[in-house]
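Student: After the structure tokens below, expect a handful of questions from me.
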Amino acid sequence: MIEGKNISKSFGDRLVLENVSVTMEKGKTNLIIGQSGMGKTVLLKCLVGLIKADQGQVFYDGRSFSKMSFNEMKEIRQEIGMLFQGGALFDSLNVEENVMFPLSMFTEQTLSQKLERANFCLSRVNLENANKLLPSELSGGMKKRVAIARAISMNPRYLFCDEPNSGLDPQTAHLIDELIKEITLEYNMTTLVVTHDMNSVLEIGEKIYFIYQGKIWWEGDKHNILYTENKELQDFVFTSELTKKLKPKKGFGV
Amino acid sequence: MKFLFHFGRYLGLLGQAFQRPEKQSIYIRQILVEMEKLGLASVGIVAIISVFMGAVVAIQMAFNIDTPLIPRYTIGFVTRQSVILEFSPTIISLILAGKVGSRIASELGTMRVTEQIDALEIMGINPATYLILPKIVASMLINPFLIGMSMLLSVGGGWLAGMATGLFPTADYVNGIQSFFHLYDIFYAFIKTVVFAFLIASVSAYNGFYTKGGALEVGEASTNGVVYSSIAIIFVNLILTQILLA
């Protein structure tokens, strides 16, 4: 479980997060949703320690991340896998080297053991026979899948995904969503996904936080999000013609 | 104030970079890779510039010595001294600041804007140590070889110029090269080279490491890396010359 308590963050005069508290549950895909520029990625980066919050605390299964020394933080980060928006694969390494990279840095495994693990992770994301390709030779969806394979190579306890579907076609986006959901269950991870894709919300949103103007505006799950009375959330959810059709008639609700 | 901010952050980055590596075998391999990328890949340009630099110095000396009171071997002597004391360590380092410095800054800048540096950090790897330390160590190890090669080729270039133009006889040139030789001059040149190599790698890395934005900012970081490492070289050259030759 990951808890963020009373997190605030400003950039200059601009308050991006204001007293945000969230709890990401173990074995579930937890979502942070909201419009662009509302502070979703900043919240994710505060939780993972890439941005230092002005105030507030972060706990990983009760361990206070905010009070850890640099070396303690390094240790906890070995339990974290992260999928970046663009994949963030290392350009100079091929697919299998990218996946083996954390293993090479932190384990004493032999090359054949690392290769075996890399092949397993790549097969887990349905990406066999791409081992020797360089990131520049991969499509957007393939990059995301390699990034997932790299993220799970160390059997992480926590998985962070920053807009995993951005720039992908609906089919590949669905595949990535399914993959995130499956590996979360399989490894009993605490998964946090930042997204503004309503398809993802309705597919994998087991716990959802809607962030608006730097504050948690709504909290729920994929089952009750369509029945919300919250105006800002309704504006966000029922934007497209497709989602407008999902809007329940008055009188229905959970 | 801005200078102090950047200087403080630069020292902070160096502090991060010079921390104990996570896994030494990987770092040793990284150093070898960087030596190839930053050093061996520069052999060609250093060789060409050195030969022509030596040739031009020798020809200019030959044209400027128009009195019989100055012996002809002075051409070889001055060419050797100019090349060892200044041209090879400083000019070639400035050339390397352009070639290697822009490469380092743009590589790290691109890694920053594509979140590859964040990815390293998330994995629990110190990105400054992993990315910058091997570049600094590799530059400090390989640059003395490049500069040593440059010295030899420049002196050779001077000899070739004499042969080709007939401005001075080989015997006088060789006599000049062998005259009044002090080993300390070589030591002085290599001290400068190692310090300049450190500056090129670290200043350029600093500019790349803190890039924010996109492609435009990567280009800016690359330019700044070259400009600031060149300025640092010229400034430190003055100080080192005063300290080591005074």
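By convention here, the chains of the structure tokens are called A, B, ... in the order presented, each chain's residues are numbered starting at 1, and ligands are numbered starting at 1 in the order presented.
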Apply DSSP to the backbone of this structure and, from segment 114-240 of chain A, keep only the residues in strand (DSSP E); write these as a list in words.

Tutor: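 Here is the list: Tyr158, Leu159, Phe160, Cys161, Asp162, Thr190, Thr191, Leu192, Val193, Val194, Thr195, Lys207, Ile208, Tyr209, Phe210, Ile211, Tyr212, Lys215, Ile216, Trp217, Trp218, Glu219 and Gly220 of chain A.
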
Student: Keeping only C-alpha atoms, write those residues as a PDB file, in the first residue's frame.

Tutor:
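That gives us part_32.pdb:
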ATOM      1  CA  TYR A 158       4.955  -1.147  -6.605  1.00  0.00           C
ATOM      2  CA  LEU A 159       4.212  -0.227 -10.212  1.00  0.00           C
ATOM      3  CA  PHE A 160       3.775   3.338 -11.434  1.00  0.00           C
ATOM      4  CA  CYS A 161       2.435   4.097 -14.902  1.00  0.00           C
ATOM      5  CA  ASP A 162       2.401   7.620 -16.285  1.00  0.00           C
ATOM      6  CA  THR A 190       0.339  -1.828  -5.657  1.00  0.00           C
ATOM      7  CA  THR A 191      -0.219  -0.219  -9.039  1.00  0.00           C
ATOM      8  CA  LEU A 192      -0.790   3.452  -9.674  1.00  0.00           C
ATOM      9  CA  VAL A 193      -1.822   4.633 -13.140  1.00  0.00           C
ATOM     10  CA  VAL A 194      -2.057   8.267 -14.132  1.00  0.00           C
ATOM     11  CA  THR A 195      -4.374   8.691 -17.095  1.00  0.00           C
ATOM     12  CA  LYS A 207      -9.881   2.666  -7.259  1.00  0.00           C
ATOM     13  CA  ILE A 208     -10.055   6.107  -8.807  1.00  0.00           C
ATOM     14  CA  TYR A 209      -9.051   9.566  -7.629  1.00  0.00           C
ATOM     15  CA  PHE A 210     -10.231  12.514  -9.708  1.00  0.00           C
ATOM     16  CA  ILE A 211      -7.908  15.455  -9.329  1.00  0.00           C
ATOM     17  CA  TYR A 212      -9.127  18.955 -10.115  1.00  0.00           C
ATOM     18  CA  LYS A 215      -7.153  18.868  -5.090  1.00  0.00           C
ATOM     19  CA  ILE A 216      -8.776  15.464  -4.804  1.00  0.00           C
ATOM     20  CA  TRP A 217     -12.251  16.267  -6.080  1.00  0.00           C
ATOM     21  CA  TRP A 218     -13.755  12.796  -6.133  1.00  0.00           C
ATOM     22  CA  GLU A 219     -12.874   9.267  -5.058  1.00  0.00           C
ATOM     23  CA  GLY A 220     -14.534   6.041  -6.191  1.00  0.00           C
TER      24      GLY A 220
END

Student: Select from chain A every residue with an atom at most 9 Å from any atom of chain B, then for each give the shortest pair of atoms and their distance in Å to one decimal, using only C-alpha atoms, rows by chain and rising number, as CSV.

Tutor:
residue,atom,partner,partner_atom,distance
A:Val48,CA,B:Ile122,CA,7.5
A:Gly49,CA,B:Ile122,CA,8.2
A:Leu50,CA,B:Asp118,CA,7.1
A:Asn71,CA,B:Gly124,CA,8.7
A:Met73,CA,B:Gly124,CA,7.4
A:Lys74,CA,B:Gly124,CA,4.3
A:Glu75,CA,B:Gly124,CA,6.5
A:Ile76,CA,B:Gly124,CA,7.6
A:Arg77,CA,B:Gly124,CA,4.9
A:Gln78,CA,B:Met123,CA,5.5
A:Glu79,CA,B:Met123,CA,8.2
A:Ile80,CA,B:Met123,CA,6.9
A:Gly81,CA,B:Met123,CA,7.2
A:Met82,CA,B:Ile122,CA,7.1
A:Leu83,CA,B:Ala119,CA,8.5
A:Phe84,CA,B:Glu115,CA,7.3
A:Gln85,CA,B:Glu115,CA,8.6
A:Gly86,CA,B:Thr114,CA,6.9
A:Gly87,CA,B:Glu115,CA,8.3
A:Ala88,CA,B:Gln116,CA,4.7
A:Leu89,CA,B:Gln116,CA,6.5
A:Phe90,CA,B:Gln116,CA,6.4
A:Asp91,CA,B:Met111,CA,8.6
A:Pro102,CA,B:Met123,CA,7.0
A:Ser104,CA,B:Ile26,CA,8.0
A:Met105,CA,B:Lys23,CA,6.2
A:Phe106,CA,B:Lys23,CA,7.6
A:Ala151,CA,B:Met123,CA,8.8

Student: Using only C-alpha atoms for the distances, tell me which of B:Ile45, B:Val51, B:Ala138, B:Val78 is nearest to Ile28 of chain B.

Tutor: B:Ala138

Student: Out of A:Ser153, A:Asn224, A:Ser123, A:Ser64, which residue has the shortest atom-to-atom distance to Thr107 of chain A when counting only C-alpha atoms?

Tutor: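 Of A:Ser153, A:Asn224, A:Ser123, A:Ser64, the one nearest Thr107 of chain A is A:Ser153, counting only C-alpha atoms.
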
Student: Determine the nearest neighbour of Arg124 of chain A from the options A:Glu178, A:Thr172, A:Lys67, A:Ser166, counting only C-alpha atoms.

Tutor: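 That would be A:Glu178, the residue with the smallest distance to Arg124 of chain A.
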
Student: Separation of atom CA of Val125 of chain A and atom CA of Ile176 of chain A, in Å?

Tutor: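 Value for the atom CA of Val125 of chain A-atom CA of Ile176 of chain A distance: 8.6 Å.
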
Student: What is the distance, in Å and to one decimal place, between atom CA of Pro71 of chain B and atom CA of Gly158 of chain B?

Tutor: 16.7 Å

Student: Write out as a ChimeraX atom specification which residues come within 7 Å of Phe52 of chain B when counting only C-alpha atoms, dropping same-chain ones fewer than 4 positions away.

Tutor: /B:48,56,157

Student: For Gly76 of chain B, please output as a list in words all residues within 9 Å (counting only C-alpha atoms; exclusion window: fewer than 2 positions along the same chain).

Tutor: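 Everything that qualifies: Ala58, Met61, Arg72, Tyr73, Thr74, Val78, Thr79, Arg80, Gln81, Val155, Gly158, Trp159, Asp172, Tyr173, Val174, Asn175, Gly176, Ile177, Gln178 and Ser179 of chain B.
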